[in-house]
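**Student:** Got a file for you: coords-v9.cif, mmCIF, C-alpha atoms and all ligand atoms.
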data_structure
loop_
_atom_site.label_atom_id
_atom_site.label_comp_id
_atom_site.auth_asym_id
_atom_site.auth_seq_id
_atom_site.Cartn_x
_atom_site.Cartn_y
_atom_site.Cartn_z
CA MET W 1 150.12 14.53 81.24
CA GLN W 2 150.43 16.24 77.90
CA ALA W 3 153.91 16.11 76.39
CA GLU W 4 154.40 19.76 75.46
CA PRO W 5 151.35 22.01 75.57
CA LYS W 6 151.52 24.94 73.16
CA LEU W 7 151.90 27.78 75.64
CA PRO W 8 153.04 31.35 75.11
CA HIS W 9 156.58 32.05 76.32
CA PRO W 10 156.69 33.90 79.65
CA ASP W 11 158.36 37.30 79.49
CA ALA W 12 161.86 37.57 80.98
CA PRO W 13 160.85 38.83 84.48
CA SER W 14 158.18 36.07 84.76
CA ALA W 15 160.65 33.41 83.61
CA ALA W 16 163.20 34.67 86.17
CA HIS W 17 160.54 34.61 88.90
CA SER W 18 159.59 31.04 87.95
CA GLU W 19 163.26 30.06 88.26
CA ARG W 20 163.30 31.46 91.83
CA VAL W 21 160.16 29.48 92.68
CA ALA W 22 161.68 26.34 91.16
CA ALA W 23 164.84 26.84 93.25
CA TYR W 24 162.69 27.22 96.38
CA VAL W 25 160.80 23.99 95.58
CA ARG W 26 164.07 22.14 94.83
CA ASP W 27 165.32 23.16 98.32
CA ARG W 28 162.09 21.81 99.89
CA ILE W 29 162.54 18.54 97.94
CA ALA W 30 166.16 18.25 99.10
CA GLU W 31 165.14 18.96 102.73
CA ALA W 32 162.48 16.23 102.49
CA GLY W 33 165.08 13.70 101.36
CA GLY W 34 164.37 13.67 97.61
CA ALA W 35 160.60 13.94 97.08
CA ILE W 36 157.54 15.83 98.33
CA SER W 37 153.87 14.96 97.94
CA PHE W 38 152.03 16.56 95.04
CA ALA W 39 149.93 18.50 97.60
CA GLU W 40 153.13 19.99 99.08
CA TYR W 41 154.35 20.88 95.58
CA MET W 42 151.01 22.57 94.81
CA HIS W 43 151.11 24.40 98.13
CA HIS W 44 154.61 25.78 97.46
CA VAL W 45 154.02 26.87 93.85
CA LEU W 46 150.76 28.59 94.77
CA TYR W 47 151.39 29.92 98.28
CA ALA W 48 155.12 30.05 99.16
CA PRO W 49 155.42 33.45 100.90
CA GLY W 50 156.38 36.18 98.42
CA LEU W 51 156.97 33.59 95.67
CA GLY W 52 153.91 31.41 95.02
CA TYR W 53 151.39 32.18 92.30
CA TYR W 54 148.86 33.67 94.74
CA SER W 55 151.45 35.24 97.04
CA ALA W 56 153.49 37.18 94.47
CA GLY W 57 152.46 40.12 92.33
CA THR W 58 151.43 38.46 89.03
CA ALA W 59 148.24 39.76 87.36
CA LYS W 60 146.38 36.41 87.63
CA PHE W 61 142.82 37.69 87.04
CA GLY W 62 141.30 39.23 83.92
CA ALA W 63 142.39 39.81 80.33
CA GLY W 64 146.03 40.54 81.25
CA GLY W 65 146.24 37.52 83.58
CA ASP W 66 145.65 33.80 83.28
CA PHE W 67 141.93 33.23 83.94
CA VAL W 68 138.66 34.98 84.73
CA THR W 69 136.28 34.24 87.58
CA ALA W 70 132.55 35.00 87.65
CA PRO W 71 132.89 38.27 89.62
CA GLU W 72 135.56 39.40 87.15
CA VAL W 73 133.31 38.52 84.20
CA SER W 74 130.41 40.70 85.30
CA PRO W 75 129.01 42.69 88.24
CA VAL W 76 125.76 40.81 87.59
CA PHE W 77 127.18 37.77 89.43
CA GLY W 78 127.76 39.75 92.63
CA ARG W 79 124.50 41.65 92.30
CA VAL W 80 122.43 38.44 92.10
CA LEU W 81 124.43 36.91 94.94
CA ALA W 82 123.78 40.09 96.97
CA ARG W 83 120.02 39.49 96.59
CA GLN W 84 120.56 35.97 97.93
CA CYS W 85 122.72 37.22 100.79
CA ALA W 86 120.00 39.72 101.70
CA GLU W 87 117.42 36.91 101.73
CA ALA W 88 119.71 34.67 103.77
CA MET W 89 120.46 37.44 106.31
CA SER W 90 116.75 38.10 106.63
CA VAL W 91 115.71 34.46 107.17
CA THR W 92 118.57 33.68 109.55
CA GLY W 93 118.26 36.97 111.44
CA THR W 94 121.95 37.74 110.88
CA ALA W 95 123.74 40.84 109.61
CA GLU W 96 127.29 39.95 108.61
CA ILE W 97 129.14 38.57 105.62
CA LEU W 98 132.37 36.58 105.73
CA GLU W 99 134.11 36.06 102.39
CA PHE W 100 136.91 33.55 101.88
CA GLY W 101 139.57 34.06 99.19
CA ALA W 102 138.41 37.43 97.89
CA GLY W 103 140.79 37.63 94.89
CA THR W 104 140.98 41.23 93.65
CA GLY W 105 138.14 42.33 95.97
CA ARG W 106 135.73 42.69 93.05
CA LEU W 107 133.01 40.47 94.56
CA ALA W 108 133.16 42.34 97.88
CA VAL W 109 132.69 45.66 96.03
CA ASP W 110 129.73 44.35 94.01
CA LEU W 111 128.08 42.68 97.01
CA VAL W 112 128.32 45.67 99.32
CA GLY W 113 127.27 48.07 96.53
CA LYS W 114 124.14 46.06 95.72
CA LEU W 115 123.29 45.40 99.39
CA ASP W 116 123.39 49.16 99.91
CA GLU W 117 120.87 49.59 97.07
CA LEU W 118 118.69 46.91 98.69
CA HIS W 119 118.91 48.68 102.09
CA ALA W 120 120.39 45.47 103.47
CA LEU W 121 123.96 46.50 104.25
CA PRO W 122 125.78 44.04 106.50
CA ALA W 123 127.03 45.48 109.78
CA ARG W 124 130.46 44.01 108.96
CA TYR W 125 132.03 42.48 105.85
CA ARG W 126 134.99 40.35 106.80
CA ILE W 127 137.52 38.69 104.52
CA VAL W 128 139.78 35.72 105.16
CA GLU W 129 142.55 35.79 102.56
CA VAL W 130 145.72 33.69 102.68
CA SER W 131 147.67 35.89 100.26
CA ALA W 132 149.19 39.10 101.67
CA GLU W 133 149.55 40.45 98.13
CA LEU W 134 145.85 39.92 97.35
CA ARG W 135 144.84 41.37 100.70
CA ALA W 136 146.63 44.60 99.75
CA ARG W 137 144.93 44.61 96.34
CA GLN W 138 141.52 44.03 97.94
CA ARG W 139 142.05 46.88 100.39
CA GLU W 140 143.02 49.25 97.59
CA LEU W 141 140.02 48.35 95.40
CA ILE W 142 137.59 48.65 98.30
CA GLU W 143 139.01 52.02 99.40
CA THR W 144 138.81 53.29 95.81
CA GLU W 145 135.40 51.97 94.83
CA LEU W 146 133.59 51.86 98.18
CA PRO W 147 135.01 54.86 100.06
CA GLY W 148 131.79 55.28 102.06
CA HIS W 149 131.81 51.66 103.26
CA ALA W 150 135.52 50.83 103.59
CA ALA W 151 135.30 51.03 107.40
CA ARG W 152 132.80 48.16 107.33
CA VAL W 153 135.37 45.83 105.76
CA GLU W 154 137.89 43.95 107.91
CA TRP W 155 140.49 41.26 107.23
CA LEU W 156 140.94 38.26 109.49
CA ASP W 157 144.01 36.03 109.73
CA GLY W 158 141.88 32.91 109.97
CA MET W 159 138.39 31.73 110.74
CA PRO W 160 136.68 33.53 113.61
CA ALA W 161 136.24 31.42 116.75
CA SER W 162 132.51 32.00 116.60
CA TYR W 163 130.39 33.47 113.81
CA SER W 164 126.76 34.19 112.91
CA GLY W 165 126.13 35.36 109.38
CA ILE W 166 126.56 34.60 105.70
CA VAL W 167 129.64 32.91 104.25
CA VAL W 168 130.69 33.32 100.63
CA ALA W 169 133.48 31.39 98.86
CA ASN W 170 133.87 31.64 95.09
CA GLU W 171 136.58 29.48 93.53
CA VAL W 172 138.39 28.95 96.81
CA LEU W 173 138.10 25.18 97.23
CA ASP W 174 139.57 24.56 93.77
CA ALA W 175 142.64 26.59 94.78
CA MET W 176 143.41 24.32 97.75
CA PRO W 177 146.32 21.88 97.33
CA VAL W 178 145.21 18.35 96.41
CA GLU W 179 146.82 14.96 96.80
CA ARG W 180 147.25 12.97 93.58
CA PHE W 181 147.17 9.19 93.67
CA VAL W 182 147.34 6.10 91.47
CA ARG W 183 145.20 3.08 92.30
CA ARG W 184 147.43 0.02 92.00
CA ALA W 185 146.22 -3.60 92.22
CA ASP W 186 147.94 -3.95 95.61
CA GLY W 187 147.03 -0.60 97.15
CA VAL W 188 147.16 3.14 96.71
CA ALA W 189 150.30 4.98 95.52
CA GLN W 190 150.89 8.64 96.34
CA ILE W 191 152.14 10.81 93.49
CA ARG W 192 155.20 12.76 94.59
CA VAL W 193 157.41 15.33 92.95
CA THR W 194 161.13 14.87 92.70
CA ASP W 195 164.01 16.85 91.23
CA ALA W 196 165.46 14.98 88.25
CA GLY W 197 168.63 16.99 87.65
CA GLY W 198 166.95 20.42 87.62
CA ARG W 199 163.67 19.20 86.10
CA PHE W 200 160.63 18.26 88.18
CA GLU W 201 159.26 14.79 87.70
CA CYS W 202 156.38 12.80 89.22
CA ILE W 203 157.13 9.50 90.91
CA GLU W 204 155.04 7.07 92.94
CA GLY W 205 155.51 6.18 96.61
CA THR W 206 153.52 4.28 99.24
CA ALA W 207 150.49 6.35 100.20
CA PRO W 208 150.48 7.65 103.76
CA ASP W 209 147.65 6.28 105.92
CA PHE W 210 145.44 9.36 105.57
CA LEU W 211 145.53 9.17 101.76
CA ALA W 212 144.96 5.41 101.62
CA ALA W 213 142.02 5.91 104.01
CA ALA W 214 140.58 8.76 101.92
CA VAL W 215 140.70 6.64 98.74
CA GLY W 216 139.25 3.70 100.70
CA ASN W 217 136.33 5.89 101.84
CA ILE W 218 135.69 7.01 98.27
CA GLU W 219 135.64 3.41 97.06
CA ALA W 220 133.33 2.37 99.91
CA ASP W 221 131.01 5.23 99.01
CA LEU W 222 131.05 4.30 95.31
CA GLY W 223 130.53 0.62 96.17
CA ARG W 224 133.39 -0.44 93.87
CA SER W 225 137.16 -0.31 93.63
CA LEU W 226 138.77 2.16 91.27
CA PRO W 227 140.41 0.35 88.34
CA ALA W 228 144.11 -0.51 88.56
CA GLY W 229 146.19 2.32 87.07
CA TYR W 230 143.48 4.91 87.80
CA VAL W 231 144.90 8.39 88.51
CA SER W 232 142.96 11.10 90.30
CA GLU W 233 143.00 13.67 93.10
CA VAL W 234 141.69 13.94 96.65
CA ASN W 235 141.19 17.33 98.24
CA THR W 236 141.58 16.66 101.95
CA ALA W 237 141.79 20.40 102.72
CA ALA W 238 138.21 21.15 101.58
CA PRO W 239 136.41 18.84 104.07
CA ALA W 240 138.74 20.11 106.81
CA TRP W 241 137.82 23.69 105.87
CA ILE W 242 134.09 22.89 105.95
CA ALA W 243 134.46 21.10 109.29
CA GLU W 244 136.26 24.10 110.83
CA LEU W 245 133.68 26.48 109.37
CA SER W 246 130.83 24.42 110.70
CA GLU W 247 132.36 24.47 114.16
CA CYS W 248 132.44 28.27 114.22
CA LEU W 249 129.03 28.88 112.56
CA ASN W 250 126.28 29.43 115.14
CA GLU W 251 123.64 30.71 112.78
CA GLY W 252 123.74 31.49 109.08
CA PHE W 253 124.10 30.31 105.51
CA ILE W 254 127.08 29.31 103.34
CA PHE W 255 127.32 29.82 99.55
CA VAL W 256 130.13 27.73 98.02
CA PHE W 257 130.70 28.28 94.29
CA ASP W 258 133.18 26.30 92.26
CA TYR W 259 133.60 24.14 89.26
CA GLY W 260 132.88 20.62 90.25
CA VAL W 261 130.69 17.55 90.06
CA GLY W 262 129.27 14.87 92.32
CA ARG W 263 131.47 11.95 93.41
CA ARG W 264 130.14 9.35 90.93
CA GLU W 265 131.14 11.59 88.04
CA TYR W 266 134.39 12.73 89.69
CA TYR W 267 135.62 9.16 90.09
CA ALA W 268 133.93 7.67 87.00
CA PRO W 269 136.12 4.92 85.47
CA GLU W 270 136.53 6.94 82.26
CA ARG W 271 137.81 9.99 84.22
CA SER W 272 141.22 8.48 84.94
CA GLY W 273 143.70 11.34 84.79
CA GLY W 274 141.76 13.41 87.31
CA TRP W 275 140.48 16.95 87.39
CA LEU W 276 143.60 19.03 87.89
CA ARG W 277 143.95 21.87 85.40
CA CYS W 278 146.62 24.51 84.82
CA HIS W 279 145.94 28.03 83.56
CA PHE W 280 148.55 30.23 81.90
CA ARG W 281 147.61 33.30 79.86
CA HIS W 282 144.10 31.94 79.21
CA ARG W 283 145.42 28.58 77.94
CA VAL W 284 144.31 25.49 79.82
CA HIS W 285 146.57 22.44 79.98
CA ASP W 286 147.35 19.59 82.35
CA ASP W 287 151.06 19.72 83.16
CA PRO W 288 151.38 21.09 86.72
CA LEU W 289 155.18 20.83 86.68
CA LEU W 290 155.58 23.54 84.05
CA LEU W 291 156.05 27.23 84.85
CA PRO W 292 156.22 26.86 88.67
CA GLY W 293 154.82 29.93 90.42
CA ILE W 294 153.58 31.68 87.30
CA GLN W 295 150.70 29.44 86.29
CA ASP W 296 147.56 28.68 88.27
CA LEU W 297 146.86 25.10 89.38
CA THR W 298 143.28 24.19 90.22
CA ALA W 299 141.36 20.99 90.81
CA TRP W 300 137.63 20.61 90.25
CA VAL W 301 135.67 19.99 93.42
CA ASP W 302 134.09 16.69 94.52
CA PHE W 303 130.90 18.31 95.84
CA THR W 304 129.71 15.03 97.38
CA GLY W 305 132.77 15.06 99.65
CA VAL W 306 132.17 18.69 100.65
CA ALA W 307 128.46 18.11 101.35
CA ALA W 308 129.20 14.94 103.34
CA ALA W 309 131.78 16.77 105.49
CA ALA W 310 129.22 19.52 106.16
CA VAL W 311 126.44 17.08 107.09
CA ASP W 312 128.87 15.15 109.28
CA LYS W 313 129.40 18.35 111.27
CA GLY W 314 125.69 19.09 111.66
CA LEU W 315 125.10 21.47 108.73
CA ALA W 316 122.17 20.95 106.35
CA VAL W 317 122.44 20.96 102.56
CA ALA W 318 120.02 23.68 101.45
CA GLY W 319 120.58 23.05 97.76
CA TYR W 320 123.01 22.22 94.96
CA VAL W 321 122.46 23.96 91.63
CA SER W 322 124.43 24.96 88.56
CA GLN W 323 125.64 28.57 88.37
CA ALA W 324 123.10 29.20 85.57
CA GLN W 325 120.25 27.88 87.71
CA PHE W 326 121.46 29.91 90.67
CA LEU W 327 121.49 33.13 88.67
CA LEU W 328 118.20 32.49 86.86
CA ALA W 329 116.28 31.61 90.02
CA GLY W 330 118.20 34.08 92.14
CA GLY W 331 117.19 37.36 90.51
CA LEU W 332 118.94 37.65 87.13
CA ALA W 333 115.81 38.88 85.33
CA ALA W 334 115.30 41.62 87.92
CA GLU W 335 118.95 42.65 87.53
CA LEU W 336 118.52 42.95 83.76
CA ALA W 337 115.18 44.78 83.92
CA GLY W 338 116.69 48.14 83.00
CA MET W 339 118.80 46.76 80.16
CA ALA W 340 116.60 48.16 77.36
CA GLU W 341 117.41 51.70 78.50
CA LEU W 342 121.16 51.21 78.14
CA PRO W 343 123.04 52.39 75.02
CA SER W 344 123.28 49.58 72.46
CA ASP W 345 127.00 48.91 73.00
CA ALA W 346 126.40 48.55 76.77
CA GLN W 347 123.49 46.17 76.05
CA LEU W 348 125.74 44.07 73.84
CA GLU W 349 128.46 43.97 76.49
CA LEU W 350 125.99 43.01 79.22
CA SER W 351 124.50 40.26 77.11
CA ARG W 352 128.02 38.94 76.39
CA GLN W 353 128.71 38.82 80.13
CA VAL W 354 125.42 37.08 80.93
CA LYS W 355 126.06 34.47 78.23
CA LEU W 356 129.51 33.77 79.70
CA LEU W 357 128.03 33.34 83.17
CA THR W 358 125.07 31.18 82.16
CA LEU W 359 125.65 29.24 78.92
CA PRO W 360 126.24 25.52 79.54
CA SER W 361 129.25 25.65 77.18
CA GLU W 362 130.78 28.50 79.24
CA MET W 363 130.47 28.85 83.04
CA GLY W 364 126.76 28.02 83.41
CA GLU W 365 126.95 24.27 83.91
CA ASN W 366 130.45 23.39 85.11
CA PHE W 367 130.19 25.84 87.99
CA LYS W 368 127.88 24.86 90.83
CA CYS W 369 126.65 26.48 94.00
CA LEU W 370 126.32 24.40 97.15
CA GLY W 371 124.14 26.07 99.77
CA LEU W 372 124.63 25.00 103.39
CA SER W 373 122.71 26.15 106.41
CA ARG W 374 122.91 25.71 110.14
CA ASP W 375 119.15 25.25 110.34
CA SER W 376 117.69 22.70 107.91
CA ALA W 377 114.60 24.84 107.27
CA VAL W 378 116.65 27.69 105.76
CA ARG W 379 116.90 27.92 101.98
CA THR W 380 117.03 30.88 99.60
CA SER W 381 115.13 31.32 96.31
CA ALA W 382 118.16 30.55 94.09
CA PHE W 383 117.91 26.88 95.09
CA GLY W 384 114.20 26.67 94.28
CA MET W 385 114.35 25.92 90.57
CA THR W 386 116.11 22.61 89.95
CA ASP W 387 117.82 21.45 93.09
CA ARG W 388 120.22 18.59 92.32
CA THR W 389 121.11 17.62 95.88
CA VAL W 390 119.99 14.04 95.20
CA SER W 391 122.73 13.75 92.57
CA LEU W 392 125.43 14.16 95.24
C1 LIG W 401 140.85 31.41 92.14
S1 LIG W 401 141.03 32.68 93.29
C2 LIG W 401 139.34 33.26 93.42
C3 LIG W 401 139.25 34.69 93.87
C4 LIG W 401 137.86 35.29 94.00
N1 LIG W 401 137.04 34.58 94.95
C5 LIG W 401 137.16 35.38 92.66
O1 LIG W 401 136.17 34.68 92.48
O2 LIG W 401 137.60 36.14 91.80
C6 LIG W 401 141.31 31.83 94.82
C7 LIG W 401 141.40 32.73 96.04
O3 LIG W 401 141.34 31.94 97.24
C8 LIG W 401 142.41 32.31 98.12
N2 LIG W 401 142.59 31.17 99.01
C9 LIG W 401 143.07 29.95 98.74
N3 LIG W 401 143.00 29.13 99.81
C10 LIG W 401 142.39 29.84 100.79
C11 LIG W 401 141.99 29.55 102.13
N4 LIG W 401 142.23 28.37 102.69
N5 LIG W 401 141.39 30.53 102.84
C12 LIG W 401 141.16 31.75 102.30
N6 LIG W 401 141.53 32.08 101.04
C13 LIG W 401 142.12 31.15 100.29
C14 LIG W 401 143.49 32.71 97.13
O4 LIG W 401 144.53 33.45 97.71
C15 LIG W 401 142.65 33.54 96.14
O5 LIG W 401 142.32 34.81 96.63
#
Could you express the structure from this file as structure tokens?
Ligand SMILES: C[S@@+](CC[C@H](N)C(=O)[O-])C[C@H]1O[C@@H](n2cnc3c(N)ncnc32)[C@H](O)[C@@H]1O
**Tutor:**
Amino acid sequence: MQAEPKLPHPDAPSAAHSERVAAYVRDRIAEAGGAISFAEYMHHVLYAPGLGYYSAGTAKFGAGGDFVTAPEVSPVFGRVLARQCAEAMSVTGTAEILEFGAGTGRLAVDLVGKLDELHALPARYRIVEVSAELRARQRELIETELPGHAARVEWLDGMPASYSGIVVANEVLDAMPVERFVRRADGVAQIRVTDAGGRFECIEGTAPDFLAAAVGNIEADLGRSLPAGYVSEVNTAAPAWIAELSECLNEGFIFVFDYGVGRREYYAPERSGGWLRCHFRHRVHDDPLLLPGIQDLTAWVDFTGVAAAAVDKGLAVAGYVSQAQFLLAGGLAAELAGMAELPSDAQLELSRQVKLLTLPSEMGENFKCLGLSRDSAVRTSAFGMTDRTVSL
């Protein structure tokens, strides 16, 4: 943990909101007898109804918020992904899209708009969104920007019981609550959050069986024990999400985008401290106990764990590529073909957006796309360039 990251001061309404969230979390800690797991803390500060970061009305996305995601950076992201969705619908003989965690609704607007241009409109575009506030924002954006197609878009309260089609999830797995742990010489300790006289503090407790088993599986997979004192995270929600998705997917293709790495890198000895990051007003720091409810908490994804959970449930890994590789092989050049005809300021803006999406020092390398299919023969062109599945 950093001692005191240099962060801007929240304005008075945000600070008052954060106090309400902190009071809510303190009540949960008291109810639990003095401490809650880090995963519970992360769940409350992000998703407590009407209070959590994703459930309340803070800006979150874009220049006035705390972070930007690829669809918010540029419509080019959604337009290339639309080409890949069209390919995937064609090869799997399906005609629906299911998006998880749709944020502001920007990706849905860009995907449907481009699929219309490609004459490949899905019969239905369904969204599973845990935040009621974001659902309302998505509905408003879609009704404003896609008035002709709004009737095609539906919101679901959870995964459908049975589904054939394309699944899209951009930066959803990193927003799922993670367990934090410390490897001790005599076992695994769970990191918990307690209330130290009005201030949150992390303490260690005996890991519950599921966490000890998850760390044990990681060590077995790595073929070595993690060093004593090693701190990291385990996302047990992501494999559960993939397993549930795989059970409902009859036919189709899944595009999972997120920042993440394979397991060997995730749990490399020199990565003690883990992959949890906090975002507040475009500053990144690593103290999750600050600013409860008004900063975003995210954890990079262990893509090996996600791929293994998918394979375990009978899905096939179609490919694993960086975001830059996905865009370059997936149709970026075709999307930029008309660029020379744009006014020079629009050309400059577009080239700024493309750099942000593709440069290794920006989002090009840290973000990956994992492609999963029901049928092992199915793969789309974006995975054709430099598939890194063997690195998982
Ligand atoms: C970091 S935002 C990304 C939003 C959007 N996909 C984008 O790229 O701009 C995470 C989103 O996932 C949603 N979310 C988190 N967990 C979810 C889950 N289990 N199922 C569906 N949505 C979820 C959040 O409410 C939020 O909309």
**Student:** Nearest to ligand LIG 401 (chain W): which of W:Asn217, W:Thr236, W:Gln323, W:Thr298 is it, counting all atoms listed in the file?
**Tutor:**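 Once distances to ligand LIG 401 (chain W) are computed over all atoms listed in the file, the minimum belongs to W:Thr298.
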**Student:** Within 10 Å of (144.9, -0.4, 85.2) (file coordinates; all atoms listed in the file), which protein or nucleic acid residues are there? I'd like them as a ChimeraX atom specification.
**Tutor:** /W:182-185,226-231,272
**Student:** Place a sphere of radius 10 Å on (140.3, 38.5, 88.4) in the file coordinates and name every protein, DNA or RNA residue with an atom inside or on its surface, counting only C-alpha atoms; give the answer as a PDB file with C-alpha atoms, in the coordinates of the input.
**Tutor:**
ATOM      1  CA  ALA W  59     148.240  39.760  87.360  1.00  0.00           C
ATOM      2  CA  LYS W  60     146.380  36.410  87.630  1.00  0.00           C
ATOM      3  CA  PHE W  61     142.820  37.690  87.040  1.00  0.00           C
ATOM      4  CA  GLY W  62     141.300  39.230  83.920  1.00  0.00           C
ATOM      5  CA  ALA W  63     142.390  39.810  80.330  1.00  0.00           C
ATOM      6  CA  GLY W  64     146.030  40.540  81.250  1.00  0.00           C
ATOM      7  CA  GLY W  65     146.240  37.520  83.580  1.00  0.00           C
ATOM      8  CA  ASP W  66     145.650  33.800  83.280  1.00  0.00           C
ATOM      9  CA  PHE W  67     141.930  33.230  83.940  1.00  0.00           C
ATOM     10  CA  VAL W  68     138.660  34.980  84.730  1.00  0.00           C
ATOM     11  CA  THR W  69     136.280  34.240  87.580  1.00  0.00           C
ATOM     12  CA  ALA W  70     132.550  35.000  87.650  1.00  0.00           C
ATOM     13  CA  PRO W  71     132.890  38.270  89.620  1.00  0.00           C
ATOM     14  CA  GLU W  72     135.560  39.400  87.150  1.00  0.00           C
ATOM     15  CA  VAL W  73     133.310  38.520  84.200  1.00  0.00           C
ATOM     16  CA  ALA W 102     138.410  37.430  97.890  1.00  0.00           C
ATOM     17  CA  GLY W 103     140.790  37.630  94.890  1.00  0.00           C
ATOM     18  CA  THR W 104     140.980  41.230  93.650  1.00  0.00           C
ATOM     19  CA  GLY W 105     138.140  42.330  95.970  1.00  0.00           C
ATOM     20  CA  ARG W 106     135.730  42.690  93.050  1.00  0.00           C
ATOM     21  CA  LEU W 107     133.010  40.470  94.560  1.00  0.00           C
TER      22      LEU W 107
END
**Student:** Please identify the residues whose atoms come within 6 Å of ligand LIG 401 (chain W), using only C-alpha atoms and all ligand atoms, and report them as a ChimeraX atom specification.
**Tutor:** /W:54,69,71,100-103,128-131,170-172,175-176
**Student:** Kindly give the distance, in Å, that separates atom CA of W:Leu370 and atom CA of W:Gly319, rounded to a single decimal.
**Tutor:** 5.9 Å
**Student:** Identify which of the residues W:Ala23, W:Val91, W:Leu249, W:Leu222 lies closest to W:Thr380, counting all atoms listed in the file when measuring atom-to-atom distances.
**Tutor:**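 Comparing W:Ala23, W:Val91, W:Leu249, W:Leu222 against W:Thr380, the winner is W:Val91.
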**Student:** Can you tell me how far atom CA of W:Pro239 sits from atom CA of W:Ile218, in Å to one decimal?
**Tutor:**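 It comes out at 13.2 Å.
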